[in-house]
file my_file_22.txt (compact mmCIF, C-alpha atoms)
# COMPACT_ATOMS: atom_id res chain seq x y z
CA MET A 498 5.42 165.59 83.01
CA ASP A 499 7.49 162.95 84.79
CA ASN A 500 8.20 164.24 88.31
CA LYS A 501 10.91 161.60 88.66
CA LEU A 502 13.11 163.45 86.16
CA MET A 503 12.79 166.73 88.05
CA HIS A 504 13.50 165.02 91.37
CA ILE A 505 16.70 163.58 89.91
CA TYR A 506 17.70 166.98 88.55
CA GLU A 507 17.01 168.75 91.84
CA ALA A 508 19.00 166.17 93.82
CA LEU A 509 21.98 166.48 91.48
CA LEU A 510 21.82 170.27 91.41
CA PHE A 511 21.67 170.42 95.21
CA ASN A 512 24.72 168.19 95.45
CA TYR A 513 26.91 169.69 92.71
CA GLY A 514 25.60 173.23 92.26
CA ASP A 515 25.61 175.04 88.92
CA PRO A 516 27.92 172.96 86.70
CA LEU A 517 28.99 175.88 84.44
CA TRP A 518 29.36 173.33 81.67
CA TRP A 519 31.45 173.20 78.51
CA PRO A 520 34.56 175.36 78.83
CA ALA A 521 34.93 177.22 75.53
CA GLU A 522 35.88 180.70 74.40
CA THR A 523 33.56 180.79 71.38
CA PRO A 524 30.66 178.84 69.85
CA TYR A 525 33.01 177.56 67.15
CA GLU A 526 35.31 176.16 69.82
CA VAL A 527 32.29 174.21 71.10
CA ILE A 528 31.77 172.80 67.60
CA VAL A 529 35.41 171.75 67.39
CA GLY A 530 35.29 170.24 70.87
CA ALA A 531 32.11 168.29 70.08
CA VAL A 532 33.84 166.65 67.11
CA LEU A 533 37.19 166.04 68.80
CA THR A 534 35.71 164.52 71.96
CA GLN A 535 34.41 161.52 70.02
CA ASN A 536 36.08 158.37 71.39
CA THR A 537 38.54 160.20 73.63
CA SER A 538 38.84 162.00 76.95
CA TRP A 539 38.28 165.71 77.36
CA GLY A 540 41.91 166.09 78.48
CA ASN A 541 43.08 165.00 75.04
CA VAL A 542 40.64 167.44 73.42
CA GLU A 543 42.07 170.29 75.50
CA LYS A 544 45.57 169.45 74.27
CA ALA A 545 44.40 169.49 70.66
CA ILE A 546 42.54 172.78 71.08
CA ALA A 547 45.60 174.31 72.76
CA ASN A 548 47.60 173.47 69.63
CA PHE A 549 45.56 176.04 67.73
CA GLY A 550 46.92 178.75 70.03
CA ASP A 551 44.97 181.97 69.55
CA ASP A 552 43.98 180.98 66.03
CA LEU A 553 41.04 178.63 66.52
CA SER A 554 38.53 179.94 64.02
CA PRO A 555 36.44 178.47 61.21
CA GLU A 556 38.53 180.41 58.71
CA THR A 557 41.71 178.78 60.04
CA VAL A 558 40.26 175.27 59.78
CA ALA A 559 38.75 175.93 56.36
CA GLU A 560 42.02 177.23 54.94
CA ALA A 561 44.37 174.72 56.59
CA GLU A 562 45.81 171.85 54.58
CA ILE A 563 44.46 168.53 55.81
CA GLU A 564 47.96 167.38 56.83
CA GLN A 565 48.46 170.53 58.87
CA LEU A 566 45.10 170.05 60.58
CA ILE A 567 45.94 166.42 61.37
CA GLU A 568 49.09 167.48 63.21
CA ILE A 569 47.24 170.14 65.20
CA ILE A 570 44.53 167.77 66.43
CA ARG A 571 46.78 164.69 66.83
CA PRO A 572 46.38 164.58 70.66
CA SER A 573 42.64 163.90 70.26
CA GLY A 574 43.21 160.53 68.59
CA PHE A 575 41.55 159.25 65.39
CA PHE A 576 43.07 162.43 63.96
CA ASN A 577 42.89 161.46 60.28
CA GLN A 578 39.13 161.03 60.29
CA LYS A 579 38.51 163.88 62.75
CA ALA A 580 40.38 166.28 60.47
CA VAL A 581 37.97 165.34 57.68
CA TYR A 582 35.01 165.75 60.07
CA LEU A 583 36.21 169.21 61.14
CA LYS A 584 36.50 170.26 57.52
CA ALA A 585 32.97 168.99 56.87
CA VAL A 586 31.28 170.69 59.81
CA THR A 587 33.19 173.92 59.10
CA SER A 588 31.99 173.78 55.50
CA TRP A 589 28.43 173.44 56.84
CA PHE A 590 28.95 176.47 59.11
CA SER A 591 30.30 178.48 56.15
CA LYS A 592 26.83 178.33 54.55
CA TYR A 593 25.77 180.64 57.38
CA ASN A 594 28.82 182.87 56.93
CA TYR A 595 30.10 181.57 60.28
CA ASP A 596 27.45 183.67 61.99
CA VAL A 597 25.82 182.21 65.08
CA SER A 598 22.78 184.49 65.00
CA THR A 599 22.01 183.46 61.41
CA VAL A 600 21.97 179.80 62.46
CA GLN A 601 19.76 180.63 65.45
CA ARG A 602 17.11 182.17 63.20
CA GLU A 603 16.58 178.82 61.48
CA PRO A 604 14.19 176.16 62.80
CA LEU A 605 15.85 173.70 65.15
CA GLU A 606 14.78 170.62 63.19
CA LYS A 607 16.17 172.07 59.95
CA VAL A 608 19.58 172.79 61.46
CA ARG A 609 19.65 169.41 63.21
CA ALA A 610 18.88 167.61 59.95
CA GLU A 611 21.68 169.51 58.23
CA LEU A 612 24.16 168.58 60.95
CA LEU A 613 23.11 164.92 60.89
CA SER A 614 23.77 164.85 57.16
CA THR A 615 27.28 166.23 57.73
CA ARG A 616 30.10 163.69 57.68
CA GLY A 617 31.22 162.65 61.15
CA VAL A 618 28.25 164.20 62.97
CA GLY A 619 25.99 161.73 64.78
CA PRO A 620 23.05 162.51 67.07
CA GLU A 621 25.09 163.18 70.23
CA THR A 622 27.55 165.44 68.41
CA ALA A 623 24.73 167.27 66.62
CA ASP A 624 22.76 167.88 69.80
CA SER A 625 25.89 169.01 71.66
CA ILE A 626 26.58 171.57 68.93
CA LEU A 627 22.94 172.71 68.84
CA LEU A 628 22.63 173.08 72.62
CA TYR A 629 26.05 174.37 73.64
CA ALA A 630 27.14 176.36 70.57
CA PHE A 631 23.81 177.70 69.29
CA GLU A 632 21.60 177.50 72.40
CA PHE A 633 18.81 175.46 70.83
CA PRO A 634 16.62 173.57 73.34
CA THR A 635 17.62 170.01 72.44
CA PHE A 636 18.55 167.38 75.01
CA VAL A 637 21.92 165.65 74.69
CA VAL A 638 21.99 161.92 75.38
CA ASP A 639 25.26 160.12 76.02
CA ALA A 640 26.50 156.89 77.62
CA TYR A 641 26.04 158.36 81.11
CA THR A 642 22.40 159.18 80.34
CA MET A 643 21.79 155.67 79.05
CA ARG A 644 23.40 154.21 82.17
CA LEU A 645 21.25 156.36 84.46
CA CYS A 646 18.09 155.29 82.64
CA SER A 647 18.90 151.59 82.83
CA ARG A 648 19.98 151.61 86.47
CA PHE A 649 17.56 154.02 88.14
CA PRO A 650 15.48 152.93 86.20
CA ILE A 651 13.86 155.49 83.94
CA ASP A 652 11.46 153.99 81.41
CA ALA A 653 12.67 156.03 78.47
CA GLY A 654 13.11 153.31 75.86
CA LYS A 655 16.34 151.94 74.48
CA GLY A 656 17.63 154.03 71.59
CA TYR A 657 19.03 157.56 71.40
CA ALA A 658 15.92 159.08 69.85
CA SER A 659 13.60 157.45 72.40
CA VAL A 660 15.59 158.60 75.42
CA LYS A 661 15.99 162.11 74.02
CA ALA A 662 12.24 162.34 73.37
CA HIS A 663 11.43 161.11 76.88
CA PHE A 664 13.53 163.81 78.54
CA GLU A 665 12.21 166.54 76.27
CA LEU A 666 8.57 165.52 76.74
CA ASN A 667 8.88 165.31 80.52
CA LEU A 668 10.94 168.42 81.26
CA PRO A 669 10.25 172.12 80.72
CA ARG A 670 11.63 173.24 77.35
CA SER A 671 14.66 175.19 78.54
CA VAL A 672 18.20 175.60 77.19
CA LYS A 673 19.54 176.22 80.70
CA LEU A 674 17.78 173.18 82.15
CA TYR A 675 18.89 170.86 79.32
CA ASN A 676 22.43 172.23 79.57
CA ASP A 677 22.71 171.77 83.32
CA TYR A 678 20.87 168.45 83.46
CA HIS A 679 23.17 166.80 80.93
CA ALA A 680 26.22 168.22 82.70
CA LEU A 681 25.04 166.97 86.09
CA ILE A 682 24.37 163.47 84.73
CA VAL A 683 27.92 163.36 83.36
CA MET A 684 29.41 164.65 86.62
CA ASN A 685 27.54 162.10 88.68
CA GLY A 686 28.37 159.37 86.19
CA LYS A 687 32.07 160.04 86.56
CA GLU A 688 31.90 160.38 90.34
CA TYR A 689 29.48 157.63 91.35
CA CYS A 690 27.47 155.98 88.58
CA ARG A 691 30.50 154.42 86.93
CA LYS A 692 30.65 151.13 85.05
CA ARG A 693 31.23 149.67 88.51
CA PRO A 694 29.00 151.99 90.55
CA ILE A 695 29.93 153.60 93.84
CA CYS A 696 26.53 153.90 95.52
CA ASP A 697 27.80 155.05 98.91
CA GLY A 698 27.54 158.85 98.89
CA CYS A 699 25.71 159.11 95.57
CA PRO A 700 23.14 161.94 95.71
CA LEU A 701 20.63 159.64 93.99
CA ALA A 702 21.15 156.66 96.29
CA ASP A 703 17.89 157.17 98.20
CA MET A 704 15.86 157.20 94.98
CA CYS A 705 17.72 154.68 92.81
CA GLU A 706 16.21 151.17 92.77
CA ARG A 707 19.63 149.68 92.00
CA SER A 708 21.42 151.39 94.87
CA GLY A 709 23.65 148.93 96.68
CA LEU A 710 22.96 146.05 94.28
call {"tool": "encode", "arguments": {"input": "my_file_22.txt", "output": "structure tokens"}}
result
Amino acid sequence: MDNKLMHIYEALLFNYGDPLWWPAETPYEVIVGAVLTQNTSWGNVEKAIANFGDDLSPETVAEAEIEQLIEIIRPSGFFNQKAVYLKAVTSWFSKYNYDVSTVQREPLEKVRAELLSTRGVGPETADSILLYAFEFPTFVVDAYTMRLCSRFPIDAGKGYASVKAHFELNLPRSVKLYNDYHALIVMNGKEYCRKRPICDGCPLADMCERSGL
């Protein structure tokens, strides 16, 4: 295992504490959020989810007319295509009778392959759904993760699959760890490791080879 990855995690956890990541009432809300957050801020996603009121369920999305769904999710942007994506991922979920435990009994790789074959679901969206909605041990890689790897640096390769494999091979296989680690990377990326980094005060400054450059 790569001790560097655990040292990064421990430094971030010490600084930020338990991130209590992904605010959602239900697993299906996580699925919806994972689709809607594509190419937009989480604030816009919250506005779209709020438009469902108390009626955010797979049955509601499945039965809604596409025009109605577009209006509900309009604050999230790219609403025409995201409405189609929501219909598609909800149709996938319907094959499991919208039952989380039924999905969880399936092999991770099988469910991941199904999600990746669903319209509008790429690797990051699929892994977010698997980890946060269904509690499968799969590491989520996003732009903040890629930035951390390139700057620190972490020799994890260049593409999504390579970086994901590096983290999974060099960390204990744990839903809680993967959940918190990804959350902490995002938090630190927004606070310090921005496109124009703020190295002063960053909890990783003492370890990062690019600190101050």
call {"tool": "closest_residue", "arguments": {"input": "my_file_22.txt", "among": "A:Leu533, A:Val597, A:Ala610, A:Leu674", "to": "Asn577 of chain A", "atoms": "only C-alpha atoms"}}
result
A:Leu533
call {"tool": "closest_residue", "arguments": {"input": "my_file_22.txt", "among": "A:Glu556, A:Arg691, A:Val672, A:Lys544", "to": "Tyr629 of chain A", "atoms": "only C-alpha atoms"}}
result
A:Val672
call {"tool": "closest_residue", "arguments": {"input": "my_file_22.txt", "among": "A:Pro604, A:Pro524, A:Asp652, A:Thr622", "to": "Phe590 of chain A", "atoms": "only C-alpha atoms"}}
result
A:Pro524
call {"tool": "closest_residue", "arguments": {"input": "my_file_22.txt", "among": "A:Ser647, A:Thr599, A:Gln578, A:Asn676", "to": "Arg616 of chain A", "atoms": "all atoms listed in the file"}}
result
A:Gln578
call {"tool": "atom_distance", "arguments": {"input": "my_file_22.txt", "atom1": "atom CA of Lys579 of chain A", "atom2": "atom CA of Ala559 of chain A"}}
result
13.6 Å
call {"tool": "closest_residue", "arguments": {"input": "my_file_22.txt", "among": "A:Arg648, A:Gly656, A:Leu612, A:Tyr678", "to": "Cys690 of chain A", "atoms": "all atoms listed in the file"}}
result
A:Arg648
call {"tool": "atom_distance", "arguments": {"input": "my_file_22.txt", "atom1": "atom CA of Phe631 of chain A", "atom2": "atom CA of Asp551 of chain A"}}
result
21.6 Å
call {"tool": "closest_residue", "arguments": {"input": "my_file_22.txt", "among": "A:Gly686, A:Pro520, A:Gly619, A:Pro694", "to": "Thr642 of chain A", "atoms": "all atoms listed in the file"}}
result
A:Gly686
call {"tool": "atom_distance", "arguments": {"input": "my_file_22.txt", "atom1": "atom CA of Asn512 of chain A", "atom2": "atom CA of Cys705 of chain A"}}
result
15.4 Å
call {"tool": "residues_around", "arguments": {"input": "my_file_22.txt", "residues": "Arg571 of chain A", "least_positions_apart": "5", "cutoff": "12 Å", "atoms": "only C-alpha atoms", "output": "list in words"}}
result
Leu533, Thr537, Asn541, Val542, Glu543, Lys544, Ala545, Ile546, Ala547, Asn548, Phe549, Ile563, Glu564, Gln565, Leu566, Phe576, Asn577, Gln578, Lys579 and Ala580 of chain A
call {"tool": "residues_around", "arguments": {"input": "my_file_22.txt", "residues": "segment 504-509 of chain A", "least_positions_apart": "3", "cutoff": "9 Å", "atoms": "all atoms listed in the file", "output": "list of chain:residue names"}}
result
A:Asn500, A:Lys501, A:Asn512, A:Tyr513, A:Gly514, A:Leu674, A:Asp677, A:Tyr678, A:Leu681, A:Ile682, A:Asn685, A:Pro700, A:Leu701, A:Met704
call {"tool": "residues_near_point", "arguments": {"input": "my_file_22.txt", "point": "(12.8, 157.5, 84.7)", "cutoff": "8 Å", "atoms": "all atoms listed in the file", "output": "ChimeraX atom specification"}}
result
/A:499,501-502,646,649-653
call {"tool": "residues_around", "arguments": {"input": "my_file_22.txt", "residues": "Trp519 of chain A", "least_positions_apart": "3", "cutoff": "9 Å", "atoms": "all atoms listed in the file", "output": "number ranges by chain"}}
result
A: 516, 527, 629, 680
call {"tool": "residues_around", "arguments": {"input": "my_file_22.txt", "residues": "Pro620 of chain A", "least_positions_apart": "2", "cutoff": "12 Å", "atoms": "all atoms listed in the file", "output": "number ranges by chain"}}
result
A: 531-532, 535, 609-618, 622-628, 635-639, 656-661
call {"tool": "decode", "arguments": {"input": "my_file_22.txt", "residues": "segment 596-621 of chain A", "atoms": "C-alpha atoms", "output": "CSV table (one decimal), in the first residue's frame"}}
result
chain,number,residue,atom,x,y,z
A,596,ASP,CA,-35.2,-1.6,-4.0
A,597,VAL,CA,-31.7,-0.6,-2.7
A,598,SER,CA,-31.1,-4.0,-1.0
A,599,THR,CA,-31.8,-5.9,-4.2
A,600,VAL,CA,-29.1,-3.8,-6.0
A,601,GLN,CA,-26.7,-4.4,-3.1
A,602,ARG,CA,-26.9,-8.1,-3.5
A,603,GLU,CA,-25.5,-7.9,-7.0
A,604,PRO,CA,-21.8,-7.9,-7.8
A,605,LEU,CA,-20.3,-4.4,-7.9
A,606,GLU,CA,-18.8,-4.8,-11.4
A,607,LYS,CA,-22.1,-6.0,-12.8
A,608,VAL,CA,-24.0,-3.0,-11.4
A,609,ARG,CA,-21.3,-0.6,-12.5
A,610,ALA,CA,-21.3,-2.0,-16.0
A,611,GLU,CA,-25.1,-1.5,-16.1
A,612,LEU,CA,-24.9,2.1,-15.0
A,613,LEU,CA,-22.1,2.8,-17.5
A,614,SER,CA,-24.3,1.5,-20.3
A,615,THR,CA,-27.1,3.9,-19.1
A,616,ARG,CA,-27.5,7.1,-21.1
A,617,GLY,CA,-26.0,10.1,-19.4
A,618,VAL,CA,-24.0,8.0,-16.8
A,619,GLY,CA,-20.2,8.3,-17.1
A,620,PRO,CA,-17.6,6.9,-14.7
A,621,GLU,CA,-17.8,9.7,-12.1
